Number of protein chains: 2
Amino acid sequence: MRFATLDDVRAFCGDLAEGNDQAAAAATARQGQLTKPPGSLGRLEELAAWLATWQGRERPRLDKIKIAVFAGNHGIAARGVSAFPSEVTVQMVANFAAGGAAINQLAALNGAGLQVEPIELERPTADFTLAPAMRPDEFLVALDIGYRAVTPDCDLLLVGEMGIANTTVAAALCAALFGGGAVRWTGRGTGVDDAGLARKWATIEAGLDRHRAHLADPLAVAAALGGRELAAIAGAVLAARAQRVPVLLDGFVTTAAILPFARLNPALLAHCRAGHVSAEAAHRLLLDELGLDPLLDLGMRLGEASGAAVAIGLLKAALACHNGMATFAEAGVADGGA
Amino acid sequence: MRFATLDDVRAFCGDLAEGNDQAAAAATARQGQLTKPPGSLGRLEELAAWLATWQGRERPRLDKIKIAVFAGNHGIAARGVSAFPSEVTVQMVANFAAGGAAINQLAALNGAGLQVEPIELERPTADFTLAPAMRPDEFLVALDIGYRAVTPDCDLLLVGEMGIANTTVAAALCAALFGGGAVRWTGRGTGVDDAGLARKWATIEAGLDRHRAHLADPLAVAAALGGRELAAIAGAVLAARAQRVPVLLDGFVTTAAILPFARLNPALLAHCRAGHVSAEAAHRLLLDELGLDPLLDLGMRLGEASGAAVAIGLLKAALACHNGMATFAEAGVADGGA
C-alpha cells in the first residue's frame with residue numbers, strides 16, 4: 001500500500017510534486033509567436049501552458065489518455081436518497097463492460113482508454129448516520145486502489161464515478177468541510193422528487209450530527225462521510241500529482257472527492273482542471289470555493305467522467321493550435337508591432 | 001445569381017424551409033430510453049435533437065463537415081480602427097492556404113473540409129463614413145458567393161471570417177439595428193489601444209450619421225455598413241437553410257453578419273447554433289438580443305471560424321452518445337421507474 005496510515009497521506013499532501021515552470025514559460029513564449037493576435041485563443045492558450053507545466057514539455061501531447069471510473073455502494077442508499085435503487089450501480093458497471101454507457105462512447109470518440117474499477121459493490125459502506133462510512137483501514141484500501149490505477153506514461157488522466165446515492169455523500173462532505181447546512185449543498189442528483197430531497201437533507205444533517213467531533217479533520221471527514229469510489233478518485237489524483245500527470249475532474253462527486261485533500265493543501269489543485277460544471281447546483285458553489293473555473297457548462301449531470309470526457313476535445317483543440325500553427329516569421333504575416 | 005434583387009432576398013427570408021419535426025421527436029424519444037437519468041446529458045441531448053431536426057434523421061451524422069471562411073477588406077481600415085494593417089487580410093489568406101493558421105489545425109483535428117474564399121481583397125469596400133460600403137449589386141454578388149459555397153451533401157456548416165477592421169463593421173451593424181450608440185457595441189477587436197478604440201467609436205458614429213435615413217431597412221444597413229465577407233457569410237447561412245444543413249456560427253462578426261437577415265425573419269436562427277461567445281463583449285449582448293445560447297465560453301476572439309470549430313467536438317460528443325449508447329432494455333438496467 002502506498003499509504004499505510006492517514007499520517008502518510010498527510011505527509012504526501014504536505015510535500016507535493018511541482019510542475020515544470022521552464023516548459024510552461026517556453027509554451028507561453030511560443031503562443032506569443034503564433035499567427036494570431038496575442039491572447040486571442042483565450043482559454044486554449046492557458047490550457048496549452050498548463051499541459052506543458054505538468055508534462056514538462058513545450059509541445060505537450062495527448063497520445064495516451066486514461067479515464068478511470070470508480071464505482072462504490074453506500075449504506076445511506078437504503079434511506080431512499082436516490083431516484084434509482086442500489087442495484088443500478090452493478091448494472092451500470094456491467095453496462096460499462098458491455099460498452100453501452102455514455103462514457104464508453106466518449107472514450108472511443110477521443111481515443112482514450114477506459115478503466116472501470118468496481119470496489120466491493122456487494123459490501124456498501126456503513127450508513128454514516130449510524131457509524132463512520134469507512135474505518136481508516138477501509139479508507140486507505142480504497143485510496144490505494146485509485147493510486148495504483150495511474151501510470152506515469154499517461155499524458156492525461158480523467159477521473160469519474162458511479163455509485164447510487166453518492167451525490168448525497170458529496171453534499172455531506174461539502175457541508176462538513178464548508179458548513180452552511182445540508183440544504184446549501186444538496187440537489188436532485190439523478191432526479192429525486194421533493195420527498196427524496198427532504199430525505200437527502202435529513203440524512204446529511206444526521207451524518208453531520210453523528211460525526212460532529214471530527215469535522216475539523218479533513219481525512220476523518222473523508223472516511224466518516226465519504227465513499228470508496230470517492231477515496232479511489234482522490235488516490236488517483238494523488239498518484240497523478242506524484243507522476244506529474246495532468247488531471248481533468250468531472251462533476252460534483254469527483255470534485256467533492258478531492259475536497260478533503262485540497263483542504264490539507266490547496267496546491268493539490270494545480271495539476272487539476274474542472275472539465276465542466278454540472279447541473280447539480282452545489283457543483284458551482286464547490287468550484288467557486290476551490291477557485292476552479294470549469295471548461296464547459298452544458299447542464300450535464302451524469303457522472304461517469306462524462307463531462308470531463310467532453311472537455312478532452314478542448315484540450316485537443318488547444319494542442320492542435322499550439323503545436324501546429326505557423327509563427328508570424330514562418331508565415332510572413334505582419335505581427336501588428338506587438 | 002440566386003438573388004437578382006434585394007426583394008428576392010426579402011422573399012426568401014419570408015418563406016424559410018422548415019425542419020423535420022418527426023425526426024426530432026424520434027431523436028428525443030430515443031434519448032429517453034438511453035442508459036442515463038432523463039436529461040442528464042443536458043445540452044448534448046438538445047444538440048442531438050437539433051441535428052436530427054435539420055438532417056431529417058433520428059440518428060444524425062457528422063461525416064461531412066464544411067468550414068467556409070470568407071475574407072474581405074474594408075475602406076474604414078484606413079481610419080486606424082485595427083491593431084493590424086489591411087495587408088494582414090491577404091497575408092492571413094496565404095497562411096490559410098499554407099495550412100499555418102488556427103483554423104487549419106482545428107479543421108484537420110475534426111476531419112472537416114476548409115474552404116477559404118477571399119473576396120476582392122484588392123478592392124476594399126467604400127469608407128462607410130463617406131458612402132455606402134457596397135452598392136446593392138456589389139452586396140448581392142458577395143451574398144451569392146456565400147450562397148454557392150454550400151452544397152446539400154454537408155452534414156454541418158461552419159461559417160467564419162477574416163477581414164482587418166471588421167469588428168468595427170460588426171459593431172456598426174449592431175448599433176444601426178439595435179441602437180444604443182457605438183460605445184455599447186464596440187470592443188478592442190484584435191487589440192486596439194485606447195486611441196484606436198476612440199477611432200472605432202467615431203467611425204461608427206459617423207457611419208450611423210451618414211446612413212441615418214436607411215437604418216430602418218435591414219438589407220440597406222447590411223449593404224451600407226457591412227462588408228463583403230459578412231454578406232457572403234449570410235449567403236452561406238441562407239443556402240444552408242434552403243438545403244436544411246445545420247450551421248454553427250462563430251464569433252461577433254459572423255453573428256452580426258446574419259443579424260440583418262434575422263431582423264427580416266427571426267425564424268432564420270432555428271438552423272443555427274452559436275459555437276461560442278467571444279471575448280469581444282458586444283458578442284454576448286448580440287447573442288442575448290438574438291436569444292442564442294452559446295455552446296462555449298473560452299475567451300476566444302480570433303475569428304476564422306475558430307470558436308465554432310472547437311464546438312464541433314461537442315456535437316461529435318452529443319452524437320457519439322445519442323447513436324452509440326445502449327437503451328435500458330438492451331443493457332438490463334433498471335430505469336428508476338421514469
# chains A, B, ... in the order shown; residues from 1 in each chain; ligands from 1
$ interface_residues --of "chain B" --to "chain A" --cutoff "6 Å" --atoms "only C-alpha atoms" --output "ChimeraX atom specification"
/B:37,40-43,83-84,91,95,100-102,105,190,298-302,313,320-321,325-326,331,333,336
$ select_by_dssp --residues "region 224-269 of chain B" --states "helix (DSSP H, G or I)" --output "PDB file with N, CA and C atoms, in the first residue's frame"
ATOM      1  N   ALA B 224     -24.883  49.124 -46.623  1.00  0.00           N
ATOM      2  CA  ALA B 224     -24.262  50.428 -46.369  1.00  0.00           C
ATOM      3  C   ALA B 224     -23.171  50.362 -45.311  1.00  0.00           C
ATOM      4  N   LEU B 225     -23.342  49.505 -44.299  1.00  0.00           N
ATOM      5  CA  LEU B 225     -22.400  49.463 -43.176  1.00  0.00           C
ATOM      6  C   LEU B 225     -21.670  48.118 -43.076  1.00  0.00           C
ATOM      7  N   ARG B 228     -18.074  42.652 -47.534  1.00  0.00           N
ATOM      8  CA  ARG B 228     -18.279  41.536 -48.459  1.00  0.00           C
ATOM      9  C   ARG B 228     -18.241  40.192 -47.752  1.00  0.00           C
ATOM     10  N   GLU B 229     -17.281  40.022 -46.803  1.00  0.00           N
ATOM     11  CA  GLU B 229     -17.209  38.713 -46.140  1.00  0.00           C
ATOM     12  C   GLU B 229     -18.431  38.487 -45.258  1.00  0.00           C
ATOM     13  N   LEU B 230     -18.990  39.566 -44.706  1.00  0.00           N
ATOM     14  CA  LEU B 230     -20.200  39.400 -43.892  1.00  0.00           C
ATOM     15  C   LEU B 230     -21.390  39.023 -44.774  1.00  0.00           C
ATOM     16  N   ALA B 231     -21.503  39.651 -45.935  1.00  0.00           N
ATOM     17  CA  ALA B 231     -22.593  39.302 -46.856  1.00  0.00           C
ATOM     18  C   ALA B 231     -22.460  37.852 -47.302  1.00  0.00           C
ATOM     19  N   ALA B 232     -21.243  37.410 -47.575  1.00  0.00           N
ATOM     20  CA  ALA B 232     -21.042  36.025 -48.004  1.00  0.00           C
ATOM     21  C   ALA B 232     -21.426  35.044 -46.893  1.00  0.00           C
ATOM     22  N   ILE B 233     -21.086  35.380 -45.664  1.00  0.00           N
ATOM     23  CA  ILE B 233     -21.493  34.529 -44.530  1.00  0.00           C
ATOM     24  C   ILE B 233     -23.013  34.393 -44.504  1.00  0.00           C
ATOM     25  N   ALA B 234     -23.696  35.513 -44.657  1.00  0.00           N
ATOM     26  CA  ALA B 234     -25.159  35.461 -44.656  1.00  0.00           C
ATOM     27  C   ALA B 234     -25.665  34.614 -45.820  1.00  0.00           C
ATOM     28  N   GLY B 235     -25.051  34.761 -46.983  1.00  0.00           N
ATOM     29  CA  GLY B 235     -25.464  33.953 -48.129  1.00  0.00           C
ATOM     30  C   GLY B 235     -25.303  32.465 -47.856  1.00  0.00           C
ATOM     31  N   ALA B 236     -24.209  32.105 -47.206  1.00  0.00           N
ATOM     32  CA  ALA B 236     -23.988  30.688 -46.879  1.00  0.00           C
ATOM     33  C   ALA B 236     -25.031  30.189 -45.881  1.00  0.00           C
ATOM     34  N   VAL B 237     -25.383  31.029 -44.923  1.00  0.00           N
ATOM     35  CA  VAL B 237     -26.391  30.623 -43.924  1.00  0.00           C
ATOM     36  C   VAL B 237     -27.765  30.477 -44.583  1.00  0.00           C
ATOM     37  N   LEU B 238     -28.070  31.345 -45.545  1.00  0.00           N
ATOM     38  CA  LEU B 238     -29.340  31.220 -46.277  1.00  0.00           C
ATOM     39  C   LEU B 238     -29.353  29.931 -47.112  1.00  0.00           C
ATOM     40  N   ALA B 239     -28.254  29.650 -47.788  1.00  0.00           N
ATOM     41  CA  ALA B 239     -28.183  28.420 -48.594  1.00  0.00           C
ATOM     42  C   ALA B 239     -28.321  27.186 -47.709  1.00  0.00           C
ATOM     43  N   ALA B 240     -27.670  27.234 -46.550  1.00  0.00           N
ATOM     44  CA  ALA B 240     -27.773  26.102 -45.620  1.00  0.00           C
ATOM     45  C   ALA B 240     -29.228  25.894 -45.208  1.00  0.00           C
ATOM     46  N   ARG B 241     -29.953  26.985 -45.003  1.00  0.00           N
ATOM     47  CA  ARG B 241     -31.353  26.835 -44.616  1.00  0.00           C
ATOM     48  C   ARG B 241     -32.153  26.177 -45.732  1.00  0.00           C
ATOM     49  N   ALA B 242     -31.925  26.631 -46.951  1.00  0.00           N
ATOM     50  CA  ALA B 242     -32.665  26.051 -48.077  1.00  0.00           C
ATOM     51  C   ALA B 242     -32.376  24.557 -48.198  1.00  0.00           C
ATOM     52  N   PHE B 252     -18.352  37.332 -32.979  1.00  0.00           N
ATOM     53  CA  PHE B 252     -19.120  38.566 -33.085  1.00  0.00           C
ATOM     54  C   PHE B 252     -19.405  38.922 -34.545  1.00  0.00           C
ATOM     55  N   VAL B 253     -18.409  38.787 -35.399  1.00  0.00           N
ATOM     56  CA  VAL B 253     -18.591  39.219 -36.791  1.00  0.00           C
ATOM     57  C   VAL B 253     -19.567  38.303 -37.535  1.00  0.00           C
ATOM     58  N   THR B 254     -19.453  36.994 -37.352  1.00  0.00           N
ATOM     59  CA  THR B 254     -20.385  36.107 -38.070  1.00  0.00           C
ATOM     60  C   THR B 254     -21.805  36.281 -37.554  1.00  0.00           C
ATOM     61  N   THR B 255     -21.947  36.521 -36.261  1.00  0.00           N
ATOM     62  CA  THR B 255     -23.299  36.708 -35.723  1.00  0.00           C
ATOM     63  C   THR B 255     -23.883  38.016 -36.233  1.00  0.00           C
ATOM     64  N   ALA B 256     -23.069  39.062 -36.245  1.00  0.00           N
ATOM     65  CA  ALA B 256     -23.533  40.345 -36.789  1.00  0.00           C
ATOM     66  C   ALA B 256     -23.862  40.223 -38.276  1.00  0.00           C
ATOM     67  N   ALA B 257     -23.153  39.338 -38.975  1.00  0.00           N
ATOM     68  CA  ALA B 257     -23.386  39.184 -40.418  1.00  0.00           C
ATOM     69  C   ALA B 257     -24.798  38.699 -40.713  1.00  0.00           C
ATOM     70  N   ILE B 258     -25.343  37.855 -39.839  1.00  0.00           N
ATOM     71  CA  ILE B 258     -26.696  37.355 -40.117  1.00  0.00           C
ATOM     72  C   ILE B 258     -27.769  38.198 -39.440  1.00  0.00           C
ATOM     73  N   LEU B 259     -27.345  39.146 -38.596  1.00  0.00           N
ATOM     74  CA  LEU B 259     -28.326  39.975 -37.881  1.00  0.00           C
ATOM     75  C   LEU B 259     -29.345  40.646 -38.814  1.00  0.00           C
ATOM     76  N   PRO B 260     -28.925  41.298 -39.905  1.00  0.00           N
ATOM     77  CA  PRO B 260     -29.938  41.956 -40.742  1.00  0.00           C
ATOM     78  C   PRO B 260     -30.977  40.965 -41.271  1.00  0.00           C
ATOM     79  N   PHE B 261     -30.553  39.751 -41.535  1.00  0.00           N
ATOM     80  CA  PHE B 261     -31.443  38.739 -42.100  1.00  0.00           C
ATOM     81  C   PHE B 261     -32.356  38.164 -41.015  1.00  0.00           C
ATOM     82  N   ALA B 262     -31.806  38.032 -39.795  1.00  0.00           N
ATOM     83  CA  ALA B 262     -32.628  37.597 -38.663  1.00  0.00           C
ATOM     84  C   ALA B 262     -33.661  38.674 -38.322  1.00  0.00           C
ATOM     85  N   ARG B 263     -33.340  39.935 -38.638  1.00  0.00           N
ATOM     86  CA  ARG B 263     -34.308  41.010 -38.447  1.00  0.00           C
ATOM     87  C   ARG B 263     -35.484  40.860 -39.412  1.00  0.00           C
ATOM     88  N   LEU B 264     -35.190  40.395 -40.625  1.00  0.00           N
ATOM     89  CA  LEU B 264     -36.271  40.161 -41.594  1.00  0.00           C
ATOM     90  C   LEU B 264     -37.156  39.013 -41.130  1.00  0.00           C
ATOM     91  N   PRO B 266     -36.909  36.308 -37.677  1.00  0.00           N
ATOM     92  CA  PRO B 266     -36.163  35.683 -36.570  1.00  0.00           C
ATOM     93  C   PRO B 266     -36.101  34.162 -36.677  1.00  0.00           C
ATOM     94  N   ALA B 267     -37.025  33.551 -37.413  1.00  0.00           N
ATOM     95  CA  ALA B 267     -37.006  32.090 -37.570  1.00  0.00           C
ATOM     96  C   ALA B 267     -35.771  31.613 -38.314  1.00  0.00           C
ATOM     97  N   LEU B 268     -35.043  32.548 -38.948  1.00  0.00           N
ATOM     98  CA  LEU B 268     -33.801  32.174 -39.634  1.00  0.00           C
ATOM     99  C   LEU B 268     -32.811  31.514 -38.677  1.00  0.00           C
ATOM    100  N   LEU B 269     -32.906  31.853 -37.394  1.00  0.00           N
ATOM    101  CA  LEU B 269     -31.919  31.353 -36.437  1.00  0.00           C
ATOM    102  C   LEU B 269     -32.142  29.888 -36.060  1.00  0.00           C
TER     103      LEU B 269
END
$ select_by_dssp --residues "region 42-90 of chain A" --states "strand (DSSP E)" --output "ChimeraX atom specification"
/A:65-71
$ atom_distance --atom1 "CA of Ala24 (chain A)" --atom2 "CA of Gln243 (chain A)"
16.9 Å
$ closest_residue --among "B:Gly187, B:Pro152, B:Gly32, B:Gly227" --to "Glu120 (chain B)" --atoms "only C-alpha atoms"
B:Gly227
$ closest_residue --among "B:Leu177, B:Leu248, B:Ala52, B:Ala165" --to "Ala222 (chain B)" --atoms "only C-alpha atoms"
B:Leu177
$ atom_distance --atom1 "CA of Ala23 (chain B)" --atom2 "CA of Gly291 (chain B)"
23.7 Å
